[in-house]
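query.cif, holding mmCIF, C-alpha atoms:
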data_model
#
loop_
_atom_site.label_atom_id
_atom_site.label_comp_id
_atom_site.auth_asym_id
_atom_site.auth_seq_id
_atom_site.Cartn_x
_atom_site.Cartn_y
_atom_site.Cartn_z
CA MET I 1 114.56 102.44 115.69
CA PRO I 2 113.31 98.94 114.84
CA ASN I 3 114.37 97.30 111.62
CA CYS I 4 111.36 97.16 109.34
CA ALA I 5 113.07 95.63 106.30
CA ASP I 6 110.47 92.87 106.16
CA THR I 7 107.52 95.30 106.41
CA PRO I 8 104.94 94.88 103.61
CA ARG I 9 104.63 97.61 101.00
CA ALA I 10 101.78 99.30 102.82
CA ILE I 11 101.62 101.98 105.46
CA ARG I 12 101.73 100.33 108.85
CA SER I 13 103.71 100.27 112.02
CA ILE I 14 105.16 97.34 113.81
CA ASP I 15 102.04 96.55 115.78
CA THR I 16 99.25 99.10 115.47
CA ILE I 17 98.78 100.48 111.97
CA ASP I 18 97.33 98.42 109.13
CA GLY I 19 97.37 100.91 106.29
CA GLY I 20 94.58 103.26 107.31
CA ILE I 21 94.27 106.42 105.23
CA TRP I 22 92.68 109.76 106.02
CA ARG I 23 91.48 112.09 103.28
CA CYS I 24 90.54 115.42 104.87
CA ALA I 25 93.59 117.61 104.16
CA LYS I 26 95.56 118.21 100.98
CA SER I 27 98.43 115.93 102.00
CA HIS I 28 96.03 113.17 102.92
CA ARG I 29 94.60 113.14 99.39
CA ILE I 30 98.17 112.33 98.33
CA ILE I 31 98.39 109.57 100.92
CA ALA I 32 95.00 108.27 99.77
CA ALA I 33 96.47 107.69 96.31
CA MET I 34 99.06 105.30 97.75
CA GLY I 35 98.62 101.59 97.18
CA ARG I 36 97.47 99.43 100.04
CA GLY I 37 99.26 96.23 99.01
CA THR I 38 97.78 93.06 97.62
CA ALA I 39 94.37 91.66 98.47
CA LYS I 40 96.09 88.87 100.41
CA ARG I 41 97.76 91.44 102.67
CA ALA I 42 94.47 93.31 103.08
CA VAL I 43 92.74 90.13 104.27
CA LYS I 44 95.57 89.41 106.70
CA ALA I 45 95.49 92.99 108.03
CA ALA I 46 91.71 92.88 108.43
CA LYS I 47 92.08 90.12 111.04
CA LYS I 48 93.93 92.45 113.40
CA THR I 49 92.28 95.29 115.27
CA SER I 50 94.30 98.47 115.01
CA LEU I 51 94.28 102.03 116.25
CA HIS I 52 95.19 104.91 113.92
CA LEU I 53 96.64 108.15 115.21
CA ARG I 54 96.75 111.43 113.35
CA LEU I 55 97.76 114.78 114.75
CA ASP I 56 96.18 117.87 113.21
CA PHE I 57 98.06 121.08 114.02
CA GLY I 58 95.71 123.38 112.07
CA ASP I 59 96.37 125.16 108.78
CA GLU I 60 96.27 121.76 107.00
CA ARG I 61 99.39 120.69 108.93
CA SER I 62 99.18 117.13 110.17
CA ILE I 63 101.17 113.99 110.81
CA GLY I 64 99.80 110.50 110.52
CA PRO I 65 100.88 106.97 109.72
CA GLY I 66 101.69 107.74 106.08
CA LYS I 67 104.21 110.50 106.70
CA ILE I 68 105.76 108.64 109.62
CA ARG I 69 106.14 105.46 107.57
CA LEU I 70 107.68 107.50 104.73
CA LEU I 71 110.28 108.90 107.15
CA GLU I 72 111.04 105.40 108.46
CA LEU I 73 111.56 104.11 104.93
CA ILE I 74 113.77 107.06 103.96
CA ASN I 75 115.84 106.22 107.04
CA GLU I 76 116.09 102.57 105.96
CA THR I 77 116.73 103.14 102.25
CA GLY I 78 118.51 106.50 102.18
CA SER I 79 116.27 107.49 99.27
CA ILE I 80 113.00 109.35 98.83
CA SER I 81 112.45 107.48 95.58
CA ALA I 82 112.99 104.03 97.13
CA ALA I 83 110.79 104.92 100.09
CA GLY I 84 108.06 106.06 97.71
CA ARG I 85 108.32 102.85 95.70
CA ALA I 86 108.03 100.80 98.89
CA LEU I 87 104.77 102.63 99.59
CA ALA I 88 103.56 102.22 95.98
CA MET I 89 103.67 105.98 95.35
CA SER I 90 105.45 108.09 92.81
CA TYR I 91 108.63 109.98 93.57
CA ARG I 92 106.64 113.21 93.18
CA GLN I 93 104.08 112.15 95.80
CA ALA I 94 106.84 111.16 98.22
CA TRP I 95 108.75 114.37 97.54
CA LEU I 96 105.61 116.49 98.13
CA LEU I 97 105.10 114.84 101.52
CA VAL I 98 108.76 115.38 102.44
CA ASP I 99 108.54 119.01 101.32
CA GLU I 100 105.40 119.47 103.40
CA LEU I 101 107.14 118.02 106.47
CA ASN I 102 110.18 120.24 105.93
CA ARG I 103 107.95 123.33 105.73
CA MET I 104 105.87 122.23 108.72
CA PHE I 105 108.70 122.10 111.26
CA ARG I 106 111.24 124.72 112.35
CA GLU I 107 114.18 122.54 111.37
CA PRO I 108 114.50 120.29 108.30
CA VAL I 109 113.12 116.78 108.67
CA VAL I 110 114.80 115.30 105.57
CA VAL I 111 117.93 116.63 103.84
CA ALA I 112 119.56 115.80 100.53
CA GLN I 113 122.83 113.86 100.51
CA THR I 114 125.28 114.65 97.72
CA GLY I 115 127.91 112.63 95.95
CA GLY I 116 128.78 108.97 96.08
CA GLY I 117 128.58 106.28 93.44
CA GLY I 118 124.79 106.22 93.61
CA GLY I 119 124.53 109.99 93.12
CA GLY I 120 123.49 110.96 96.62
CA GLY I 121 120.22 110.32 98.36
CA ALA I 122 118.32 111.59 101.37
CA ALA I 123 118.74 111.44 105.12
CA VAL I 124 116.30 111.91 107.96
CA THR I 125 117.65 114.54 110.35
CA GLY I 126 117.72 114.39 114.14
CA THR I 127 114.49 116.39 114.15
CA GLY I 128 112.94 113.87 111.77
CA ASN I 129 114.04 110.97 113.95
CA ASP I 130 112.60 112.75 117.00
CA ILE I 131 109.27 113.17 115.19
CA VAL I 132 109.15 109.45 114.36
CA ARG I 133 110.14 108.44 117.90
CA LEU I 134 107.59 110.76 119.54
CA TYR I 135 104.80 109.70 117.18
CA ARG I 136 105.45 105.98 117.70
CA GLU I 137 105.56 106.48 121.47
CA MET I 138 102.22 108.33 121.41
CA GLU I 139 100.81 105.58 119.23
CA ARG I 140 101.95 102.86 121.65
CA ARG I 141 100.53 104.75 124.63
CA ALA I 142 97.21 105.41 122.89
CA TYR I 143 96.87 101.75 121.94
CA GLY I 144 97.79 100.60 125.44
CA ALA I 145 95.44 103.06 127.12
CA SER I 146 92.59 102.08 124.79
CA THR I 147 93.00 98.29 124.93
CA PRO I 148 90.03 97.63 127.28
CA GLU I 149 87.70 99.78 125.14
CA ILE I 150 89.02 98.22 121.92
CA ARG I 151 88.31 94.74 123.31
CA SER I 152 84.82 95.81 124.42
CA LEU I 153 84.06 97.22 120.97
CA ALA I 154 85.43 94.09 119.30
CA ARG I 155 83.05 91.94 121.35
CA LEU I 156 80.14 93.98 119.97
CA LEU I 157 81.09 93.25 116.35
CA THR I 158 79.29 90.70 114.21
CA PRO I 159 81.42 87.63 113.50
CA PRO I 160 83.47 87.68 110.30
CA ALA I 161 81.73 86.14 107.26
CA SER I 162 84.11 83.17 107.28
CA SER I 163 83.10 82.15 110.83
CA LYS I 164 79.32 82.53 110.49
CA ILE I 165 77.37 79.29 110.79
CA HIS I 166 74.52 78.85 108.30
#

Written as structure tokens, that's how I'd like the structure from this file.
Amino acid sequence: MPNCADTPRAIRSIDTIDGGIWRCAKSHRIIAAMGRGTAKRAVKAAKKTSLHLRLDFGDERSIGPGKIRLLELINETGSISAAGRALAMSYRQAWLLVDELNRMFREPVVVAQTGGGGGGGAAVTGTGNDIVRLYREMERRAYGASTPEIRSLARLLTPPASSKIH
């Protein structure tokens, strides 16, 4: 798994997600409440074309960039709370997403760690790591397969306001 320690406090992947948020299912209303970073980051992200991938399994069960990024941050920080803070969400919001993931799959995705000087934490299981790996691979393939169409659509866009000549 790549090291994303320098990743901004917004939901995004290494090269294809810029913080997009979907709002159709219960969990996505929670994701919609997450912060999207500063305006400066939003302007920077707007310069890059991106492709967002969400899988809907029915019964309001879905995986998208928010849950995947949360799992990545739990892996990096060892803490649901720290991962939530990195995404500008409350511990409760992060915990609800983790709980939803754990109920969605046959095996736990995140487990509690006990003991230690810091009082424990959380760990992403092998199943959780498989989910992240598979999602990121699908995302890379989708972006690669769609590149010609993305470029064609981008050519049809009006120029950004900053490059218009008056």

| Pairwise distance for atom CA of Arg106 of chain I and atom CA of Val124 of chain I, rounded to one decimal in Å | 14.5 Å

Fewer than 6 positions away in the same chain doesn't count, so skip those; otherwise give me all residues within 10 Å of Arg92 of chain I, counting only C-alpha atoms, as a PDB file with C-alpha atoms, in the frame of the given file.
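What landed in part-v1.pdb:
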ATOM      1  CA  ILE I  30      98.170 112.330  98.330  1.00  0.00           C
ATOM      2  CA  ILE I  80     113.000 109.350  98.830  1.00  0.00           C
ATOM      3  CA  SER I  81     112.450 107.480  95.580  1.00  0.00           C
ATOM      4  CA  GLY I  84     108.060 106.060  97.710  1.00  0.00           C
ATOM      5  CA  VAL I  98     108.760 115.380 102.440  1.00  0.00           C
TER       6      VAL I  98
END

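The interatomic distance for the pair atom CA of Leu53 of chain I and atom CA of Asp130 of chain I works out to 16.7 Å.
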
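For the choices I:Arg140, I:Lys67, I:Arg155, I:Lys48, the atom-to-atom distance to Asn102 of chain I is smallest for I:Lys67 when using all atoms listed in the file.
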